[in-house]
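Dropping data.cif in here (mmCIF, C-alpha atoms):
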```
data_coords
#
loop_
_atom_site.label_atom_id
_atom_site.label_comp_id
_atom_site.auth_asym_id
_atom_site.auth_seq_id
_atom_site.Cartn_x
_atom_site.Cartn_y
_atom_site.Cartn_z
CA MET C 1122 -21.20 15.36 16.34
CA LEU C 1123 -19.43 12.01 16.57
CA GLU C 1124 -22.72 10.13 16.32
CA SER C 1125 -23.71 12.18 13.27
CA ILE C 1126 -20.43 11.29 11.57
CA ARG C 1127 -21.02 7.59 12.28
CA LYS C 1128 -24.48 7.81 10.73
CA ILE C 1129 -23.09 9.49 7.61
CA LEU C 1130 -20.37 6.87 7.23
CA GLY C 1131 -22.80 3.98 7.72
CA LYS C 1132 -25.64 5.31 5.55
CA THR C 1133 -26.21 3.38 2.30
CA LYS C 1134 -29.02 1.84 0.26
CA ASN C 1135 -26.88 -0.89 -1.27
CA VAL C 1136 -23.87 -2.06 0.75
CA LYS C 1137 -22.18 -4.00 -2.06
CA ARG C 1138 -22.51 -1.22 -4.62
CA SER C 1139 -21.42 1.37 -2.07
CA ALA C 1140 -18.34 -0.72 -1.23
CA TYR C 1141 -17.26 -0.83 -4.88
CA ILE C 1142 -17.91 2.87 -5.48
CA TRP C 1143 -16.19 4.10 -2.33
CA ASN C 1144 -13.31 1.69 -2.77
CA ALA C 1145 -12.76 3.20 -6.21
CA VAL C 1146 -13.03 6.76 -4.87
CA ASN C 1147 -10.65 5.91 -2.02
CA ALA C 1148 -8.09 4.46 -4.44
CA ILE C 1149 -8.28 7.55 -6.65
CA VAL C 1150 -7.91 9.98 -3.74
CA SER C 1151 -5.07 7.92 -2.29
CA ALA C 1152 -3.32 7.85 -5.67
CA LEU C 1153 -3.75 11.61 -6.11
CA GLN C 1154 -2.56 12.63 -2.64
CA ASN C 1155 1.17 12.26 -3.28
CA PRO C 1156 1.26 13.81 -6.79
CA VAL C 1157 -0.99 16.72 -5.79
CA ILE C 1158 1.18 17.53 -2.78
CA LEU C 1159 4.27 17.15 -4.96
CA LEU C 1160 2.71 19.48 -7.54
CA VAL C 1161 1.87 22.14 -4.94
CA MET C 1162 5.26 21.71 -3.27
CA THR C 1163 7.09 22.17 -6.57
CA ARG C 1164 5.18 25.34 -7.43
CA THR C 1165 5.26 26.91 -3.95
CA ASN C 1166 8.61 25.80 -2.51
CA GLY C 1167 10.65 24.65 -5.50
CA ILE C 1168 11.96 21.33 -6.75
CA SER C 1169 14.47 20.87 -3.90
CA ASP C 1170 11.76 20.79 -1.20
CA ALA C 1171 9.74 18.55 -3.50
CA GLY C 1172 12.66 16.12 -3.46
CA VAL C 1173 12.76 16.20 0.35
CA PHE C 1174 9.04 15.48 0.51
CA SER C 1175 9.41 12.64 -2.02
CA ILE C 1176 12.07 10.73 -0.12
CA ALA C 1177 10.28 11.43 3.20
CA PHE C 1178 7.08 9.96 1.78
CA ALA C 1179 8.97 6.92 0.44
CA ILE C 1180 10.66 6.26 3.79
CA ALA C 1181 7.41 6.75 5.72
CA THR C 1182 5.61 4.38 3.37
CA LEU C 1183 8.25 1.74 4.01
CA MET C 1184 7.83 2.25 7.76
CA LEU C 1185 4.06 1.99 7.28
CA TYR C 1186 4.47 -1.70 6.57
CA ILE C 1187 5.97 -2.21 10.01
CA GLY C 1188 2.83 -0.66 11.49
CA LEU C 1189 0.51 -2.70 9.28
CA TYR C 1190 2.46 -5.91 9.97
CA GLY C 1191 0.77 -7.41 6.91
CA LEU C 1192 -2.36 -8.32 8.86
CA ARG C 1193 -5.10 -6.48 6.94
CA ARG C 1194 -5.66 -9.18 4.35
CA PHE C 1195 -5.27 -11.90 6.95
CA GLN C 1196 -7.80 -10.13 9.20
CA SER C 1197 -10.37 -9.39 6.48
CA SER C 1198 -10.20 -12.99 5.23
CA ASP C 1199 -10.41 -14.42 8.79
CA ILE C 1200 -14.13 -15.10 8.27
CA ASN C 1201 -14.20 -17.76 11.02
CA GLU C 1202 -12.62 -15.28 13.49
CA LYS C 1203 -9.70 -17.37 14.64
CA TYR C 1204 -8.55 -14.18 16.35
CA SER C 1205 -10.84 -11.55 17.85
CA PHE C 1206 -10.87 -7.89 16.87
CA ALA C 1207 -9.50 -7.03 20.33
CA GLN C 1208 -6.47 -9.24 19.62
CA TYR C 1209 -5.90 -7.69 16.19
CA HIS C 1210 -6.26 -4.29 17.87
CA GLY C 1211 -3.68 -5.09 20.52
CA MET C 1212 -1.28 -6.39 17.89
CA ARG C 1213 -1.71 -3.22 15.83
CA ILE C 1214 -0.89 -0.96 18.78
CA LEU C 1215 2.33 -2.91 19.32
CA SER C 1216 3.30 -2.84 15.65
CA CYS C 1217 2.60 0.92 15.41
CA SER C 1218 4.79 1.50 18.46
CA VAL C 1219 7.63 -0.43 16.83
CA MET C 1220 7.05 1.53 13.62
CA MET C 1221 7.53 4.90 15.32
CA ALA C 1222 10.60 3.66 17.19
CA ALA C 1223 12.09 2.53 13.86
CA CYS C 1224 11.29 5.95 12.36
CA GLY C 1225 13.12 7.66 15.21
CA VAL C 1226 16.18 5.45 14.80
CA TYR C 1227 16.23 6.02 11.03
CA CYS C 1228 16.02 9.81 11.39
CA ALA C 1229 18.76 9.87 14.03
CA TYR C 1230 20.98 7.72 11.79
CA GLY C 1231 20.26 10.00 8.84
CA VAL C 1232 21.33 13.12 10.75
CA VAL C 1233 24.48 11.55 12.23
CA PHE C 1234 25.72 9.39 9.36
CA SER C 1235 23.92 10.29 6.12
CA GLY C 1236 24.17 14.05 6.10
CA TYR C 1237 20.47 14.73 6.66
CA SER C 1238 19.62 18.21 7.93
CA VAL C 1239 17.53 18.42 11.08
CA SER C 1240 14.67 19.89 9.04
CA LYS C 1241 14.75 16.96 6.59
CA ALA C 1242 14.70 14.49 9.49
CA ALA C 1243 11.80 16.39 11.06
CA VAL C 1244 9.79 16.20 7.82
CA ILE C 1245 10.44 12.45 7.60
CA MET C 1246 9.38 11.94 11.22
CA MET C 1247 6.15 13.90 10.85
CA ILE C 1248 5.15 12.10 7.68
CA CYS C 1249 5.88 8.84 9.51
CA VAL C 1250 3.28 9.94 12.09
CA VAL C 1251 0.80 10.42 9.23
CA LYS C 1252 1.52 6.91 8.00
CA CYS C 1253 1.21 5.59 11.55
CA CYS C 1254 -2.32 7.00 11.64
CA GLN C 1255 -3.00 5.09 8.43
CA ALA C 1256 -1.60 1.89 9.93
CA TYR C 1257 -3.69 2.23 13.08
CA SER C 1258 -6.91 3.02 11.21
CA ASP C 1259 -6.36 -0.09 9.10
CA VAL C 1260 -7.19 -2.46 11.98
CA TYR C 1261 -10.64 -0.87 12.21
CA HIS C 1262 -11.04 -1.06 8.47
CA GLY C 1263 -10.13 -4.75 8.51
CA ARG C 1264 -12.89 -5.35 11.04
CA MET C 1265 -15.38 -3.41 8.93
CA GLN C 1266 -14.48 -5.41 5.83
CA GLN C 1267 -14.64 -8.65 7.80
CA LYS C 1268 -18.21 -7.71 8.78
CA GLY C 1269 -19.18 -6.91 5.20
CA ARG C 1270 -18.93 -3.10 5.50
CA LEU C 1271 -15.96 -2.21 3.33
CA ASP C 1272 -17.94 0.87 2.34
CA VAL C 1273 -17.60 2.35 5.84
CA ALA C 1274 -13.86 1.65 5.85
CA THR C 1275 -13.27 3.26 2.46
CA LYS C 1276 -15.43 6.28 3.29
CA SER C 1277 -13.36 6.79 6.44
CA SER C 1278 -10.08 6.58 4.53
CA THR C 1279 -11.32 8.87 1.78
CA PHE C 1280 -12.40 11.60 4.16
CA ARG C 1281 -9.10 11.41 6.06
CA TYR C 1282 -7.04 11.53 2.84
CA LEU C 1283 -9.02 14.54 1.61
CA LEU C 1284 -8.62 16.38 4.91
CA GLU C 1285 -4.86 15.72 4.89
CA LEU C 1286 -4.52 16.84 1.28
CA VAL C 1287 -6.51 20.05 1.63
CA VAL C 1288 -4.73 21.06 4.85
CA TYR C 1289 -1.22 20.34 3.49
CA ALA C 1290 -1.86 22.13 0.18
CA ALA C 1291 -3.41 25.14 1.93
CA ALA C 1292 -0.56 25.35 4.44
CA LEU C 1293 2.03 25.24 1.64
CA ALA C 1294 0.20 27.91 -0.33
CA VAL C 1295 0.00 30.21 2.69
CA THR C 1296 3.32 29.63 4.49
CA HIS C 1297 5.73 28.28 1.81
CA ASP C 1298 7.36 26.51 4.78
CA ILE C 1299 7.81 22.75 4.58
CA ILE C 1300 8.14 22.28 8.36
CA ILE C 1301 5.00 24.21 9.31
CA SER C 1302 3.01 22.68 6.45
CA THR C 1303 4.05 19.13 7.33
CA ALA C 1304 3.11 19.75 10.98
CA ALA C 1305 -0.35 20.82 9.80
CA PHE C 1306 -0.48 17.69 7.63
CA MET C 1307 0.27 15.56 10.68
CA ALA C 1308 -2.36 17.29 12.83
CA ALA C 1309 -5.00 16.83 10.12
CA SER C 1310 -4.20 13.11 9.90
CA ILE C 1311 -4.62 12.60 13.65
CA ALA C 1312 -7.90 14.52 13.67
CA GLY C 1313 -9.18 12.58 10.66
CA LEU C 1314 -8.28 9.27 12.28
CA LEU C 1315 -10.21 10.06 15.46
CA LEU C 1316 -13.27 11.50 13.73
CA THR C 1317 -13.71 8.72 11.16
CA SER C 1318 -12.06 5.32 11.63
CA VAL C 1319 -11.87 5.23 15.43
CA ASN C 1320 -15.28 6.83 15.79
CA ALA C 1321 -17.02 4.52 13.31
CA GLY C 1322 -15.12 1.51 14.61
CA ARG C 1323 -17.15 1.55 17.81
CA ASP C 1324 -20.07 0.02 15.92
CA PHE C 1325 -18.08 -3.07 14.90
CA GLY C 1326 -17.21 -5.04 18.00
CA VAL C 1327 -14.88 -4.84 20.98
CA TYR C 1328 -13.38 -1.38 21.29
CA ARG C 1329 -10.58 -1.98 23.77
CA PRO C 1330 -7.44 -3.88 22.70
CA GLU C 1331 -6.45 -7.20 24.24
CA PHE C 1332 -2.82 -7.97 25.05
CA ASN C 1333 -3.00 -11.71 25.62
CA GLY C 1334 0.62 -12.82 25.31
CA PHE C 1335 -0.12 -16.26 23.91
CA LYS C 1336 -2.59 -14.99 21.31
CA LEU C 1337 -0.35 -12.09 20.29
CA LYS C 1338 2.59 -14.44 19.89
CA ASN C 1339 0.56 -16.75 17.64
CA LEU C 1340 -0.76 -13.83 15.62
CA ALA C 1341 2.74 -12.40 15.28
CA VAL C 1342 4.05 -15.77 14.05
CA GLU C 1343 1.23 -16.21 11.54
CA GLY C 1344 1.52 -12.64 10.27
CA PHE C 1345 5.33 -12.56 10.14
CA PRO C 1346 5.73 -14.02 6.62
CA ILE C 1347 3.15 -11.57 5.26
CA PHE C 1348 4.81 -8.64 7.06
CA VAL C 1349 8.29 -9.51 5.80
CA SER C 1350 7.07 -10.05 2.24
CA LEU C 1351 5.13 -6.77 2.11
CA PHE C 1352 7.96 -4.85 3.79
CA LEU C 1353 10.44 -6.27 1.30
CA ASN C 1354 7.99 -5.56 -1.52
CA MET C 1355 7.91 -1.89 -0.55
CA TYR C 1356 11.69 -1.83 -0.10
CA ILE C 1357 12.12 -3.35 -3.55
CA SER C 1358 9.67 -0.97 -5.23
CA ASN C 1359 11.34 2.03 -3.56
CA ALA C 1360 14.94 0.82 -4.04
CA PRO C 1361 15.53 3.33 -6.87
CA LYS C 1362 14.39 6.18 -4.60
CA TYR C 1363 16.79 5.13 -1.85
CA ALA C 1364 19.62 4.89 -4.39
CA ILE C 1365 18.80 8.34 -5.77
CA ASP C 1366 18.77 9.71 -2.20
CA ARG C 1367 22.24 8.25 -1.69
CA TYR C 1368 23.92 9.02 -5.02
CA LEU C 1369 22.01 11.79 -6.83
CA THR C 1370 20.31 15.07 -5.87
CA GLU C 1371 17.03 16.23 -4.33
CA GLU C 1372 16.07 17.54 -7.78
CA ASP C 1373 16.64 14.09 -9.32
CA GLN C 1374 14.50 12.60 -6.55
CA ALA C 1375 11.65 14.95 -7.41
CA VAL C 1376 11.87 14.17 -11.14
CA TYR C 1377 11.85 10.41 -10.52
CA ASN C 1378 8.76 10.71 -8.35
CA MET C 1379 7.02 12.80 -11.00
CA ILE C 1380 7.49 10.19 -13.72
CA PHE C 1381 6.76 7.40 -11.23
CA MET C 1382 3.26 8.68 -10.43
CA PRO C 1383 1.46 7.19 -13.48
CA ALA C 1384 3.04 3.78 -12.80
CA PHE C 1385 1.92 3.82 -9.18
CA ALA C 1386 -1.57 4.77 -10.35
CA VAL C 1387 -1.71 1.55 -12.40
CA MET C 1388 -1.14 -0.49 -9.24
CA LEU C 1389 -3.70 1.47 -7.23
CA ILE C 1390 -6.37 1.23 -9.92
CA SER C 1391 -5.78 -2.53 -10.13
CA ASN C 1392 -5.98 -2.81 -6.35
CA PHE C 1393 -9.34 -1.09 -5.99
CA ILE C 1394 -10.82 -3.54 -8.49
CA PHE C 1395 -9.86 -6.65 -6.54
CA ASN C 1396 -9.84 -5.38 -2.93
CA PRO C 1397 -13.63 -5.67 -2.52
CA ILE C 1398 -13.58 -9.36 -3.50
CA ILE C 1399 -10.89 -10.63 -1.12
CA THR C 1400 -13.56 -12.05 1.19
CA THR C 1401 -15.20 -13.74 -1.83
CA TYR C 1402 -11.87 -15.35 -2.68
CA ALA C 1403 -11.60 -16.66 0.88
CA GLU C 1404 -15.12 -18.10 0.74
CA LEU C 1405 -14.42 -19.91 -2.54
CA TRP C 1406 -11.16 -21.30 -1.18
CA ASN C 1407 -12.77 -22.44 2.09
CA ASP C 1408 -15.60 -24.19 0.21
CA ASP C 1409 -12.95 -26.75 -0.72
CA ASN C 1410 -14.75 -28.27 -3.71
CA LYS C 1411 -13.90 -28.56 -7.37
CA LYS C 1412 -16.47 -26.03 -8.63
CA SER C 1413 -15.46 -23.37 -6.13
CA ILE C 1414 -11.76 -23.71 -6.94
CA ALA C 1415 -12.58 -23.55 -10.66
CA ARG C 1416 -14.48 -20.30 -10.05
CA LEU C 1417 -11.52 -18.96 -8.08
CA LYS C 1418 -9.16 -19.77 -10.96
CA LYS C 1419 -11.49 -18.00 -13.37
CA LYS C 1420 -11.55 -14.88 -11.20
CA VAL C 1421 -7.74 -14.87 -10.89
CA PHE C 1422 -7.31 -15.21 -14.65
CA GLY C 1423 -9.82 -12.44 -15.31
CA GLN C 1424 -8.05 -10.11 -12.91
CA CYS C 1425 -4.70 -10.85 -14.55
CA MET C 1426 -6.12 -9.97 -17.97
CA LEU C 1427 -7.57 -6.75 -16.57
CA VAL C 1428 -4.22 -5.69 -15.07
CA ALA C 1429 -2.57 -6.40 -18.43
CA ALA C 1430 -5.13 -4.20 -20.21
CA ILE C 1431 -4.70 -1.34 -17.71
CA THR C 1432 -0.90 -1.56 -18.04
CA ALA C 1433 -1.06 -1.58 -21.85
CA PHE C 1434 -3.27 1.51 -21.84
CA GLY C 1435 -0.93 3.26 -19.40
CA LEU C 1436 2.07 2.41 -21.56
CA LEU C 1437 0.33 3.81 -24.65
CA VAL C 1438 -0.43 7.06 -22.86
CA ALA C 1439 3.15 7.27 -21.51
CA ALA C 1440 4.65 6.80 -24.98
CA THR C 1441 2.50 9.49 -26.58
CA ILE C 1442 1.34 12.30 -24.33
CA GLY C 1443 2.76 11.22 -20.96
CA CYS C 1444 5.76 13.53 -20.63
CA PRO C 1445 4.11 16.68 -22.07
CA VAL C 1446 1.14 16.24 -19.74
CA LEU C 1447 3.34 15.63 -16.71
CA SER C 1448 5.43 18.69 -17.62
CA ILE C 1449 2.30 20.85 -17.64
CA ILE C 1450 1.01 19.36 -14.39
CA PHE C 1451 4.21 19.78 -12.37
CA GLY C 1452 5.62 22.84 -14.08
CA VAL C 1453 8.92 21.05 -14.74
CA ASP C 1454 10.30 20.13 -18.19
CA LEU C 1455 10.10 16.32 -18.37
CA THR C 1456 10.13 15.95 -22.17
CA GLY C 1457 13.54 14.27 -22.11
CA TYR C 1458 12.28 11.38 -19.94
CA ARG C 1459 9.92 9.55 -22.33
CA LEU C 1460 11.93 6.31 -22.34
CA GLU C 1461 12.25 6.37 -18.55
CA LEU C 1462 8.50 6.93 -18.19
CA CYS C 1463 7.69 3.98 -20.46
CA ILE C 1464 10.10 1.73 -18.56
CA VAL C 1465 8.65 2.69 -15.20
CA MET C 1466 5.11 2.07 -16.52
CA VAL C 1467 6.08 -1.54 -17.27
CA GLY C 1468 7.32 -1.78 -13.70
CA GLY C 1469 4.04 -0.33 -12.44
CA GLY C 1470 2.08 -3.09 -14.15
CA ALA C 1471 4.42 -5.69 -12.68
CA LEU C 1472 3.94 -4.14 -9.22
CA ALA C 1473 0.18 -4.55 -9.62
CA TYR C 1474 0.71 -8.25 -10.31
CA THR C 1475 3.04 -8.71 -7.32
CA THR C 1476 0.53 -7.08 -4.98
CA TYR C 1477 -2.31 -9.16 -6.38
CA PHE C 1478 -0.41 -12.46 -6.25
CA SER C 1479 0.68 -11.70 -2.68
CA THR C 1480 -2.98 -11.24 -1.77
CA ILE C 1481 -3.95 -14.56 -3.36
CA LEU C 1482 -1.17 -16.37 -1.52
CA THR C 1483 -2.39 -14.84 1.75
CA VAL C 1484 -5.99 -15.91 1.08
CA ILE C 1485 -4.93 -19.49 0.32
CA ARG C 1486 -2.64 -19.39 3.39
CA LYS C 1487 0.56 -19.92 1.42
CA GLN C 1488 2.15 -16.74 2.75
CA ASN C 1489 5.29 -18.58 3.85
CA THR C 1490 6.21 -19.03 0.18
CA LEU C 1491 6.50 -15.26 -0.19
CA LEU C 1492 9.63 -15.02 1.92
CA VAL C 1493 12.00 -16.74 -0.47
CA SER C 1494 10.81 -14.76 -3.50
CA TYR C 1495 10.96 -11.38 -1.79
CA GLY C 1496 14.22 -12.22 -0.07
CA ILE C 1497 15.98 -13.06 -3.34
CA ILE C 1498 14.72 -9.94 -5.11
CA ALA C 1499 15.56 -7.72 -2.11
CA VAL C 1500 19.16 -8.95 -2.24
CA ALA C 1501 19.19 -8.29 -5.99
CA ALA C 1502 17.89 -4.77 -5.36
CA ARG C 1503 20.63 -4.09 -2.87
CA VAL C 1504 23.34 -5.40 -5.21
CA MET C 1505 22.11 -3.75 -8.42
CA SER C 1506 20.84 -0.36 -7.22
CA GLY C 1507 24.15 1.40 -6.68
CA PHE C 1508 25.68 0.21 -9.96
CA LEU C 1509 22.71 1.11 -12.14
CA VAL C 1510 21.96 4.50 -10.59
CA VAL C 1511 25.59 5.64 -10.37
CA ASN C 1512 26.38 4.60 -13.96
CA TYR C 1513 23.10 5.32 -15.75
CA GLY C 1514 21.38 7.93 -13.60
CA MET C 1515 17.62 8.21 -14.08
CA LEU C 1516 17.60 5.55 -16.81
CA GLY C 1517 19.30 3.16 -14.40
CA ALA C 1518 16.78 3.97 -11.65
CA THR C 1519 13.75 3.27 -13.85
CA GLY C 1520 15.39 0.18 -15.34
CA LEU C 1521 16.13 -1.14 -11.86
CA TYR C 1522 12.48 -0.71 -10.87
CA ALA C 1523 11.13 -2.50 -13.96
CA ILE C 1524 13.58 -5.40 -13.70
CA LEU C 1525 12.92 -6.03 -10.01
CA MET C 1526 9.12 -5.84 -10.29
CA THR C 1527 8.98 -8.07 -13.37
CA LEU C 1528 11.14 -10.79 -11.82
CA LEU C 1529 9.05 -10.70 -8.66
CA ALA C 1530 5.74 -10.84 -10.54
CA LEU C 1531 6.86 -13.85 -12.57
CA GLY C 1532 8.03 -15.73 -9.49
CA LEU C 1533 4.87 -15.11 -7.46
CA GLY C 1534 2.65 -15.91 -10.44
CA VAL C 1535 4.23 -19.35 -10.77
CA ILE C 1536 3.71 -20.01 -7.04
CA VAL C 1537 0.03 -18.99 -7.23
CA TYR C 1538 -0.55 -21.23 -10.25
CA ILE C 1539 1.04 -24.23 -8.56
CA GLY C 1540 -0.74 -23.64 -5.22
CA ILE C 1541 -4.24 -23.37 -6.69
CA ASN C 1542 -3.79 -26.34 -9.03
CA GLN C 1543 -2.48 -28.55 -6.25
CA HIS C 1544 -5.47 -27.66 -4.08
CA GLN C 1545 -7.88 -28.28 -6.96
CA SER C 1546 -6.35 -31.70 -7.51
CA LEU C 1547 -6.73 -32.58 -3.83
CA SER C 1548 -10.33 -31.29 -3.79
CA SER C 1549 -11.18 -33.44 -6.79
CA ARG C 1550 -9.84 -36.57 -5.08
CA GLY C 1551 -11.63 -35.75 -1.83
CA HIS C 1552 -15.04 -35.41 -3.52
CA ARG C 1553 -15.02 -38.55 -5.61
#
```
Please re-express this file's structure in structure tokens.
Amino acid sequence: MLESIRKILGKTKNVKRSAYIWNAVNAIVSALQNPVILLVMTRTNGISDAGVFSIAFAIATLMLYIGLYGLRRFQSSDINEKYSFAQYHGMRILSCSVMMAACGVYCAYGVVFSGYSVSKAAVIMMICVVKCCQAYSDVYHGRMQQKGRLDVATKSSTFRYLLELVVYAAALAVTHDIIISTAAFMAASIAGLLLTSVNAGRDFGVYRPEFNGFKLKNLAVEGFPIFVSLFLNMYISNAPKYAIDRYLTEEDQAVYNMIFMPAFAVMLISNFIFNPIITTYAELWNDDNKKSIARLKKKVFGQCMLVAAITAFGLLVAATIGCPVLSIIFGVDLTGYRLELCIVMVGGGALAYTTYFSTILTVIRKQNTLLVSYGIIAVAARVMSGFLVVNYGMLGATGLYAILMTLLALGLGVIVYIGINQHQSLSSRGHR
């Protein structure tokens, strides 16, 4: 059976076309997973359980970035294989172990000091296991992309996401119990990981991890700026959710996540467009000549225009039919949140830019510059979140999100522009 699955995942007539198609499908399924579960949860268990799931998913997603350690883009753009797959694999096992330890500490703190019920902490912990499976599978997917088979990686992710979604939704519909359903969700994620990513990964190099202390230390040092920046990016984007968890109700949490879904979709749609060409970006950058850098600049500009167009379309939809449609989908009256939806859509577009610019800075190996930008905005998030959410409620939460993402996008955009132009200038001098 395992061999048959590998053949299905690897079968294609056109690798490049398959990579684009499956990357798009994977992005769509990934984007739909959270809102579909939230929809089913709201209709089967009520808005309070939907709020518990929402904050659990947000916390687990933040913890996910500990497991990922920011190495996917570094790994997939490591076309000269400075580090072996076995070394990336060993590093990922360590980072996933730290991730789960951090999840345990957070849940214990929540029960003792933040008033979390044991059931809420259990839901958070189990969803963290799901995200840990995602983090672990990612090291295999990075290897597949590095070897020109992004299609296999995205097929694996898509099948796992679908399995998780179907199992969780079915369990909720049958049991109406958030604990039992989340346990089924976790089991489906582990099974999906083993059947797809780990199974298919055997065809792409060394299977066993390597724990060479010197190599792992170097990899940890090189990946640290990327990890911190992506972790802070997720903290910043979820800062309103953490503030709502602290100051408002589970029902408010659910409503915020409902109106946040279209904005998150903008970022995911933008991501699936540029993810397949990360390796191309690295090749153009490593060519180190004037024409290649000019082509890179053209691609960056084109992507920026595309993100702007997607954001504008999303904003138009949000301002017209957004709230009525969301109300029908979730079965909750959201008609009074049109302004908040429009504001959060602007933030979603800015998030797409921050993710994209972070990727570019990783490809051009300027990841150290991310730390200052993310650090400043993370401090701003911490300072502003309580004031805005306590005083302005949902409007303050959406405003906080849009302000933070826009400031971050502007700062990273300036750094990308300066970095590429400086390199182009040096390339021009070197080839005279």
Output the residue selection produced by the PyMOL selection byres ((chain C and resi 1227-1234) around 12) on the file above, formatted as an MDAnalysis selection string.
-> chainID C and resid 1177 1180:1181 1183:1184 1220:1226 1235:1249 1366:1367
Can I get the selected residues back with C-alpha atoms, as an mmCIF file, in the coordinates of the input?
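As a result, out-v2.cif now contains:
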```cif
data_model
loop_
_atom_site.group_PDB
_atom_site.id
_atom_site.type_symbol
_atom_site.label_atom_id
_atom_site.label_comp_id
_atom_site.auth_asym_id
_atom_site.auth_seq_id
_atom_site.Cartn_x
_atom_site.Cartn_y
_atom_site.Cartn_z
ATOM 1 C CA ALA C 1177 10.280 11.430 3.200
ATOM 2 C CA ILE C 1180 10.660 6.260 3.790
ATOM 3 C CA ALA C 1181 7.410 6.750 5.720
ATOM 4 C CA LEU C 1183 8.250 1.740 4.010
ATOM 5 C CA MET C 1184 7.830 2.250 7.760
ATOM 6 C CA MET C 1220 7.050 1.530 13.620
ATOM 7 C CA MET C 1221 7.530 4.900 15.320
ATOM 8 C CA ALA C 1222 10.600 3.660 17.190
ATOM 9 C CA ALA C 1223 12.090 2.530 13.860
ATOM 10 C CA CYS C 1224 11.290 5.950 12.360
ATOM 11 C CA GLY C 1225 13.120 7.660 15.210
ATOM 12 C CA VAL C 1226 16.180 5.450 14.800
ATOM 13 C CA SER C 1235 23.920 10.290 6.120
ATOM 14 C CA GLY C 1236 24.170 14.050 6.100
ATOM 15 C CA TYR C 1237 20.470 14.730 6.660
ATOM 16 C CA SER C 1238 19.620 18.210 7.930
ATOM 17 C CA VAL C 1239 17.530 18.420 11.080
ATOM 18 C CA SER C 1240 14.670 19.890 9.040
ATOM 19 C CA LYS C 1241 14.750 16.960 6.590
ATOM 20 C CA ALA C 1242 14.700 14.490 9.490
ATOM 21 C CA ALA C 1243 11.800 16.390 11.060
ATOM 22 C CA VAL C 1244 9.790 16.200 7.820
ATOM 23 C CA ILE C 1245 10.440 12.450 7.600
ATOM 24 C CA MET C 1246 9.380 11.940 11.220
ATOM 25 C CA MET C 1247 6.150 13.900 10.850
ATOM 26 C CA ILE C 1248 5.150 12.100 7.680
ATOM 27 C CA CYS C 1249 5.880 8.840 9.510
ATOM 28 C CA ASP C 1366 18.770 9.710 -2.200
ATOM 29 C CA ARG C 1367 22.240 8.250 -1.690
#
```
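Here atom CA of Val1319 of chain C is placed at a distance of 24.8 Å from atom CA of Lys1338 of chain C.
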Name the residues captured by the PyMOL selection byres ((chain C and resi 1361) around 8) when it is applied to the shown file; answer as a ChimeraX atom specification.
-> /C:1358-1360,1362-1365,1506,1510,1518-1519,1521-1522
Picked residues, the PyMOL selection byres ((chain C and resi 1493) around 12), expected as a list in words |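 Going through the file, the PyMOL selection byres ((chain C and resi 1493) around 12) ends up selecting Pro1346, Ile1347, Val1349, Ser1350, Leu1353, Asn1354, Gln1488, Asn1489, Thr1490, Leu1491, Leu1492, Ser1494, Tyr1495, Gly1496, Ile1497, Ile1498, Ala1499, Val1500, Leu1529, Gly1532, Leu1533 and Ile1536 of chain C.
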Kindly compute an axis-aligned box around the listed atoms of segment 1366-1380 of chain C, allowing 8 Å on each side, and express its centre and edge lengths in Å to one decimal as JSON.
```
{"center_x": 15.5, "center_y": 12.9, "center_z": -7.7, "size_x": 32.9, "size_y": 25.3, "size_z": 28.0}
```
Can you tell me, as a PyMOL selection string, what residues are no more than 12 Å from Phe1206 of chain C when counting only C-alpha atoms, ignoring any on the same chain fewer than 5 positions away?
-> chain C and resi 1192-1193+1196-1197+1199-1201+1211-1213+1259-1268+1322-1323+1325-1332+1336-1337+1340
Residue neighbourhood segment 1288-1301 of chain C, 9 Å, only C-alpha atoms, exclusion window fewer than 4 positions, as a PyMOL selection string | chain C and resi 1157-1158+1161-1162+1165-1166+1170+1174+1240-1241+1243-1244+1247+1283-1284+1305-1307+1309
If you measure from atom CA of Arg1503 of chain C to atom CA of Leu1369 of chain C, what distance in Å do you get, rounded to one decimal?
-> 16.4 Å
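The space between atom CA of Met1505 of chain C and atom CA of Ile1357 of chain C spans 11.1 Å.
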Near segment 1440-1450 of chain C, within 12 Å and counting all atoms listed in the file, which residues show up once chain neighbours fewer than 6 positions away are dropped, as a ChimeraX atom specification?
-> /C:1156-1161,1163-1164,1376-1384,1433-1434,1456-1467
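Of the residues under consideration (C:Met1355, C:Ile1168, C:Leu1525, C:Val1504), C:Ile1168 shows the shortest atom-to-atom contact distance to Glu1372 of chain C when counting only C-alpha atoms.
Using all atoms listed in the file, the shortest contact distance between Gly1191 of chain C and any of C:Ala1341, C:Ala1145, C:Ile1311, C:Val1173 is found at C:Ala1341.
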Find the residue from C:Thr1182, C:Gln1543, C:Tyr1356, C:Gly1344 that sits nearest to Tyr1209 of chain C; use all atoms listed in the file when measuring.
->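 Among the listed residues, C:Gly1344 lies closest to Tyr1209 of chain C.
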Quick one: of C:Met1426, C:Ala1502, C:Lys1418, C:Leu1286, who's nearest to Ile1539 of chain C, counting all atoms listed in the file?
->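 Residue with the minimum atom-to-atom distance to Ile1539 of chain C: C:Lys1418.
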Across C:Met1122, C:Leu1215, C:Ile1176, C:Val1136, the smallest distance to Leu1189 of chain C, with only C-alpha atoms counted, is shown by C:Leu1215
So which one's closest to Thr1480 of chain C, C:Leu1351, C:Ala1501, C:Met1526, C:Ser1139? Using all atoms listed in the file, please.
->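 Closest residue, counting all atoms listed in the file: C:Leu1351.
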